[in-house]
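Student: Just passing along the structure, written as structure tokens.
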Amino acid sequence: MPDVLDASPYDALLLLSFGGPEGPDDVVPFLENVTRGRGIPKERLKEVGQHYFLFGGVSPINDQNRALLDALRKDFAEHGLDLPVYWGNRNWAPYLTDTLREMVGDGRRRILVLATSAYASYSGCRQYRENLADALAALESEGLELPKIDKLRHYFNHPGFVEPMVDGVVRSLAELPEEVRDGAHIAFCTHSIPTSAADSSGPVEEHGDGGAYVRQHLDVARLIADAVRERTGVDHPWQLVYQSRSGAPHIPWLEPDICDQLEERQAAGVPAVVMAPIGFVSDHMEVLYDLDTEATAKAEELGLPVRRSATVGADPRFAAAVRDLVLERAGDERGQEVTPCALGTLGASHNLCPVGCCPARAPRPAAAGADSPYA
């Protein structure tokens, strides 16, 4: 039997994700949830939903979260970590508020949250914390006893997140024709966000052009590129590129776009490109459509060989990383001296988001941070 690992004071882990439709009839209601308050007409949402209809109206994210849940529960059980794992989404069933209500009914009072976003940004961190605050407010209005909620730190540079992506890039390079393999460039892909949101991401002292969002991605890209060079003996040129831009065209977003970058690489005589989606935990819709469909079609049009490397998904090393993060945070809460595990130059991220971290245009209460109304 494995030794019993101590997660106290926590009594549950909540996997918190974005959510996605699971059939054609779900697509427009799901997009209405995502865009609530923006006044977007239903006809426009049907146009946007064509990406989902190409895949039968089903986003892969929910099945991928189910696989991650299984991986976490298996890892915890095999290593003697007695911590139940729940799952809630921001925009589709199982909804966050419903899951928190279930957790309270099960007697859970100290909850750790794992968000399926590894980097600092408003949409990747604070918005999740705002949704947690909304859910707690709903439970409070029902007269329920509120749990204390903490969020696991950003894990972009944890070995269990980085190492599976290194393997994915090496495999993708090996899949390229031998005559173009050594000359291939690596496009490290992540979700584009408005430049104003990037510049204000992370703690105040880290602000600047691109903020923590860009710096963290660049650090991960360097880690992977260095590891690939050590594994293959080839120094592949690389660039951080962006995808999945949305919103008004007059608002500046992070660039270059992956399709523009593919055109530039082909014009410069680059023989092949590996697209590495380091900004995403799993192969959800932005990966399947923006990379596997749209960018791959652009590469075929250009006659440019491309491969897309895998995301981390439910890799056992990622599940082990989550266990490590849980024990690290639990030890810290108990007042023990812990040594956070982190690669690269930036070190381990903060446990508690400081006041002013990744601000929104319109301030809203956010849980699990220094400015939480539910401390």
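Lettering and numbering for the structure tokens are positional, with chains as A, B, ... in the shown order, residues counted from 1 in each chain, and ligands counted from 1 in the shown order.
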If you run DSSP on this backbone, which residues of segment 151-183 of chain A come out as alpha helix (DSSP H), and could you give them as a count of residues only?

Tutor: 21

Student: I'd like the neighbourhood of Tyr119 of chain A as a short mmCIF file (atom, residue, chain, number, x, y, z; two decimals) with C-alpha atoms, in the first residue's frame, where a residue qualifies if any of its atoms comes within 7 Å (using only C-alpha atoms), though same-chain residues fewer than 5 positions away should be ignored.

Tutor:
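The result, written out as out00.cif:
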```
data_model
loop_
_atom_site.label_atom_id
_atom_site.label_comp_id
_atom_site.auth_asym_id
_atom_site.auth_seq_id
_atom_site.Cartn_x
_atom_site.Cartn_y
_atom_site.Cartn_z
CA GLY A 124 -6.97 32.57 -17.99
CA HIS A 154 0.08 28.88 -12.43
CA PHE A 156 3.19 26.75 -16.94
CA TYR A 213 1.33 36.41 -20.21
CA GLN A 216 5.64 33.11 -19.28
#
```

Student: Segment 39-44 of chain A: which residues within 12 Å, counting only C-alpha atoms, same-chain residues fewer than 5 positions away excluded, as a ChimeraX atom specification?

Tutor: /A:27-34,49-50,247

Student: Deliver the residues from the most recent selection as a file, using all heavy atoms, as a PDB file, in the first residue's frame.

Tutor:
```pdb
ATOM      1  N   VAL A  27     -24.973  24.255 -29.236  1.00  0.00           N
ATOM      2  CA  VAL A  27     -23.969  25.221 -29.690  1.00  0.00           C
ATOM      3  C   VAL A  27     -24.376  26.651 -29.410  1.00  0.00           C
ATOM      4  O   VAL A  27     -23.624  27.415 -28.787  1.00  0.00           O
ATOM      5  CB  VAL A  27     -23.650  25.013 -31.189  1.00  0.00           C
ATOM      6  CG1 VAL A  27     -22.748  26.139 -31.698  1.00  0.00           C
ATOM      7  CG2 VAL A  27     -22.996  23.659 -31.405  1.00  0.00           C
ATOM      8  N   VAL A  28     -25.544  27.062 -29.869  1.00  0.00           N
ATOM      9  CA  VAL A  28     -25.948  28.465 -29.681  1.00  0.00           C
ATOM     10  C   VAL A  28     -26.173  28.781 -28.198  1.00  0.00           C
ATOM     11  O   VAL A  28     -25.702  29.816 -27.713  1.00  0.00           O
ATOM     12  CB  VAL A  28     -27.189  28.791 -30.532  1.00  0.00           C
ATOM     13  CG1 VAL A  28     -27.732  30.181 -30.167  1.00  0.00           C
ATOM     14  CG2 VAL A  28     -26.825  28.755 -32.017  1.00  0.00           C
ATOM     15  N   PRO A  29     -26.880  27.935 -27.411  1.00  0.00           N
ATOM     16  CA  PRO A  29     -26.992  28.226 -25.978  1.00  0.00           C
ATOM     17  C   PRO A  29     -25.634  28.333 -25.284  1.00  0.00           C
ATOM     18  O   PRO A  29     -25.441  29.178 -24.409  1.00  0.00           O
ATOM     19  CB  PRO A  29     -27.803  27.043 -25.441  1.00  0.00           C
ATOM     20  CG  PRO A  29     -28.604  26.577 -26.599  1.00  0.00           C
ATOM     21  CD  PRO A  29     -27.717  26.772 -27.794  1.00  0.00           C
ATOM     22  N   PHE A  30     -24.690  27.475 -25.676  1.00  0.00           N
ATOM     23  CA  PHE A  30     -23.340  27.573 -25.106  1.00  0.00           C
ATOM     24  C   PHE A  30     -22.709  28.916 -25.448  1.00  0.00           C
ATOM     25  O   PHE A  30     -22.148  29.586 -24.570  1.00  0.00           O
ATOM     26  CB  PHE A  30     -22.480  26.427 -25.648  1.00  0.00           C
ATOM     27  CG  PHE A  30     -21.003  26.627 -25.481  1.00  0.00           C
ATOM     28  CD1 PHE A  30     -20.407  26.517 -24.231  1.00  0.00           C
ATOM     29  CD2 PHE A  30     -20.199  26.940 -26.574  1.00  0.00           C
ATOM     30  CE1 PHE A  30     -19.037  26.708 -24.075  1.00  0.00           C
ATOM     31  CE2 PHE A  30     -18.839  27.123 -26.430  1.00  0.00           C
ATOM     32  CZ  PHE A  30     -18.251  27.017 -25.178  1.00  0.00           C
ATOM     33  N   LEU A  31     -22.789  29.327 -26.702  1.00  0.00           N
ATOM     34  CA  LEU A  31     -22.198  30.609 -27.104  1.00  0.00           C
ATOM     35  C   LEU A  31     -22.915  31.781 -26.454  1.00  0.00           C
ATOM     36  O   LEU A  31     -22.295  32.814 -26.167  1.00  0.00           O
ATOM     37  CB  LEU A  31     -22.216  30.736 -28.627  1.00  0.00           C
ATOM     38  CG  LEU A  31     -21.293  29.761 -29.375  1.00  0.00           C
ATOM     39  CD1 LEU A  31     -21.503  29.857 -30.873  1.00  0.00           C
ATOM     40  CD2 LEU A  31     -19.835  30.035 -29.028  1.00  0.00           C
ATOM     41  N   GLU A  32     -24.205  31.635 -26.181  1.00  0.00           N
ATOM     42  CA  GLU A  32     -24.922  32.674 -25.433  1.00  0.00           C
ATOM     43  C   GLU A  32     -24.359  32.796 -24.020  1.00  0.00           C
ATOM     44  O   GLU A  32     -24.238  33.906 -23.477  1.00  0.00           O
ATOM     45  CB  GLU A  32     -26.416  32.358 -25.405  1.00  0.00           C
ATOM     46  CG  GLU A  32     -27.103  32.582 -26.743  1.00  0.00           C
ATOM     47  CD  GLU A  32     -28.560  32.147 -26.722  1.00  0.00           C
ATOM     48  OE1 GLU A  32     -28.920  31.238 -25.942  1.00  0.00           O
ATOM     49  OE2 GLU A  32     -29.350  32.694 -27.511  1.00  0.00           O
ATOM     50  N   ASN A  33     -24.021  31.658 -23.410  1.00  0.00           N
ATOM     51  CA  ASN A  33     -23.387  31.707 -22.087  1.00  0.00           C
ATOM     52  C   ASN A  33     -22.036  32.406 -22.147  1.00  0.00           C
ATOM     53  O   ASN A  33     -21.706  33.233 -21.291  1.00  0.00           O
ATOM     54  CB  ASN A  33     -23.195  30.285 -21.548  1.00  0.00           C
ATOM     55  CG  ASN A  33     -24.484  29.619 -21.132  1.00  0.00           C
ATOM     56  OD1 ASN A  33     -25.495  30.289 -20.914  1.00  0.00           O
ATOM     57  ND2 ASN A  33     -24.466  28.311 -21.019  1.00  0.00           N
ATOM     58  N   VAL A  34     -21.239  32.066 -23.155  1.00  0.00           N
ATOM     59  CA  VAL A  34     -19.890  32.628 -23.280  1.00  0.00           C
ATOM     60  C   VAL A  34     -19.937  34.137 -23.486  1.00  0.00           C
ATOM     61  O   VAL A  34     -19.112  34.877 -22.941  1.00  0.00           O
ATOM     62  CB  VAL A  34     -19.130  31.950 -24.443  1.00  0.00           C
ATOM     63  CG1 VAL A  34     -17.782  32.629 -24.682  1.00  0.00           C
ATOM     64  CG2 VAL A  34     -18.928  30.464 -24.153  1.00  0.00           C
ATOM     65  N   GLY A  49     -20.753  29.680 -34.527  1.00  0.00           N
ATOM     66  CA  GLY A  49     -20.864  28.276 -34.171  1.00  0.00           C
ATOM     67  C   GLY A  49     -20.537  27.307 -35.286  1.00  0.00           C
ATOM     68  O   GLY A  49     -20.484  26.090 -35.046  1.00  0.00           O
ATOM     69  N   GLN A  50     -20.270  27.823 -36.508  1.00  0.00           N
ATOM     70  CA  GLN A  50     -19.941  26.915 -37.610  1.00  0.00           C
ATOM     71  C   GLN A  50     -18.702  26.081 -37.300  1.00  0.00           C
ATOM     72  O   GLN A  50     -18.576  24.948 -37.775  1.00  0.00           O
ATOM     73  CB  GLN A  50     -19.739  27.715 -38.900  1.00  0.00           C
ATOM     74  CG  GLN A  50     -21.011  28.338 -39.455  1.00  0.00           C
ATOM     75  CD  GLN A  50     -22.133  27.330 -39.637  1.00  0.00           C
ATOM     76  OE1 GLN A  50     -21.931  26.242 -40.206  1.00  0.00           O
ATOM     77  NE2 GLN A  50     -23.309  27.658 -39.129  1.00  0.00           N
ATOM     78  N   GLY A 247     -13.176  39.487 -31.593  1.00  0.00           N
ATOM     79  CA  GLY A 247     -13.399  40.855 -31.142  1.00  0.00           C
ATOM     80  C   GLY A 247     -13.239  41.870 -32.255  1.00  0.00           C
ATOM     81  O   GLY A 247     -12.933  41.559 -33.404  1.00  0.00           O
TER      82      GLY A 247
END
```

Student: Check the smallest atom-to-atom distance from each of A:Leu54, A:Ala276, A:Ala320, A:Leu291 to Ala225 of chain A using only C-alpha atoms, then report the winner.

Tutor: A:Ala276

Student: Can you tell me which residues surround Ala227 of chain A at a distance of at most 12 Å, considering only C-alpha atoms, apart from same-chain residues fewer than 6 positions away, and format the answer as a ChimeraX atom specification?

Tutor: /A:159,162-170,220-221,233-236,343-344

Student: Point out the residue among A:Gly57, A:Pro9, A:Gly37, A:Gly19 with the least atom-to-atom distance to Arg109 of chain A, counting only C-alpha atoms.

Tutor: A:Pro9

Student: Report as a ChimeraX atom specification all protein, DNA and RNA residues lying within 7 Å of Pro252 of chain A, evaluated on only C-alpha atoms, omitting residues in the same chain fewer than 2 positions from it.

Tutor: /A:194-195,250,254

Student: So how far away is atom CA of Arg153 of chain A from atom CA of Asp106 of chain A, in Å?

Tutor: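 Between atom CA of Asp106 of chain A and atom CA of Arg153 of chain A the gap works out to 25.3 Å.
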
Student: Counting only C-alpha atoms, what is within 10 Å of segment 144-146 of chain A, bar same-chain residues fewer than 3 positions away, as a list of chain:residue names?

Tutor: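 Those residues are A:Leu100, A:Arg101, A:Val104, A:Gly105, A:Gly107, A:Arg108, A:Arg109, A:Arg110, A:Leu136, A:Ala137, A:Ala138, A:Leu139, A:Glu140, A:Ser141, A:Ile149, A:Tyr374.
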
Student: Using only C-alpha atoms, which residues sit within 6 Å of Pro21 of chain A once same-chain residues fewer than 5 positions away are excluded, as a PDB file with N, CA and C atoms, in the first residue's frame?

Tutor:
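For reference, out-v9.pdb as written:
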```
ATOM      1  N   ASP A  26     -26.756  22.257 -28.575  1.00  0.00           N
ATOM      2  CA  ASP A  26     -26.090  22.960 -27.472  1.00  0.00           C
ATOM      3  C   ASP A  26     -25.283  24.170 -27.931  1.00  0.00           C
ATOM      4  N   VAL A  27     -24.973  24.255 -29.236  1.00  0.00           N
ATOM      5  CA  VAL A  27     -23.969  25.221 -29.690  1.00  0.00           C
ATOM      6  C   VAL A  27     -24.376  26.651 -29.410  1.00  0.00           C
ATOM      7  N   VAL A  58     -20.018  19.204 -31.357  1.00  0.00           N
ATOM      8  CA  VAL A  58     -19.422  18.685 -30.122  1.00  0.00           C
ATOM      9  C   VAL A  58     -18.025  19.273 -29.943  1.00  0.00           C
ATOM     10  N   SER A  59     -17.815  19.911 -28.807  1.00  0.00           N
ATOM     11  CA  SER A  59     -16.461  20.317 -28.440  1.00  0.00           C
ATOM     12  C   SER A  59     -15.778  19.139 -27.752  1.00  0.00           C
TER      13      SER A  59
END
```

Student: Taking only C-alpha atoms into account, which of A:Arg329, A:His350, A:Arg317, A:Arg215 comes nearest Phe161 of chain A?

Tutor: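 So, comparing all the options, the nearest one is A:Arg317.
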
Student: Enumerate as number ranges by chain all residues of segment 41-202 of chain A assigned to strand (DSSP E or B) by DSSP on the backbone, naming them with the chain letters and numbers the document uses.

Tutor: A: 58, 81, 85-89, 95, 110-115, 148-151, 185-191, 194

Student: Choose the residue, out of A:Glu301, A:Ala93, A:Gly208, A:Glu175, that has the smallest atom-to-atom separation from Gln266 of chain A; count only C-alpha atoms.

Tutor: A:Glu301

Student: What separation in Å, quoted to one decimal, exists between atom CA of Val85 of chain A and atom CA of Ala367 of chain A?

Tutor: 19.5 Å

Student: Separation of atom CA of Asn65 of chain A and atom CA of Leu16 of chain A, in Å?

Tutor: 9.3 Å

Student: Which residue out of A:Cys357, A:Leu68, A:Asn131, A:Pro305 has the minimum interatomic distance to Tyr95 of chain A when only C-alpha atoms are used?

Tutor: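 For Tyr95 of chain A, the nearest of the given residues is A:Asn131.
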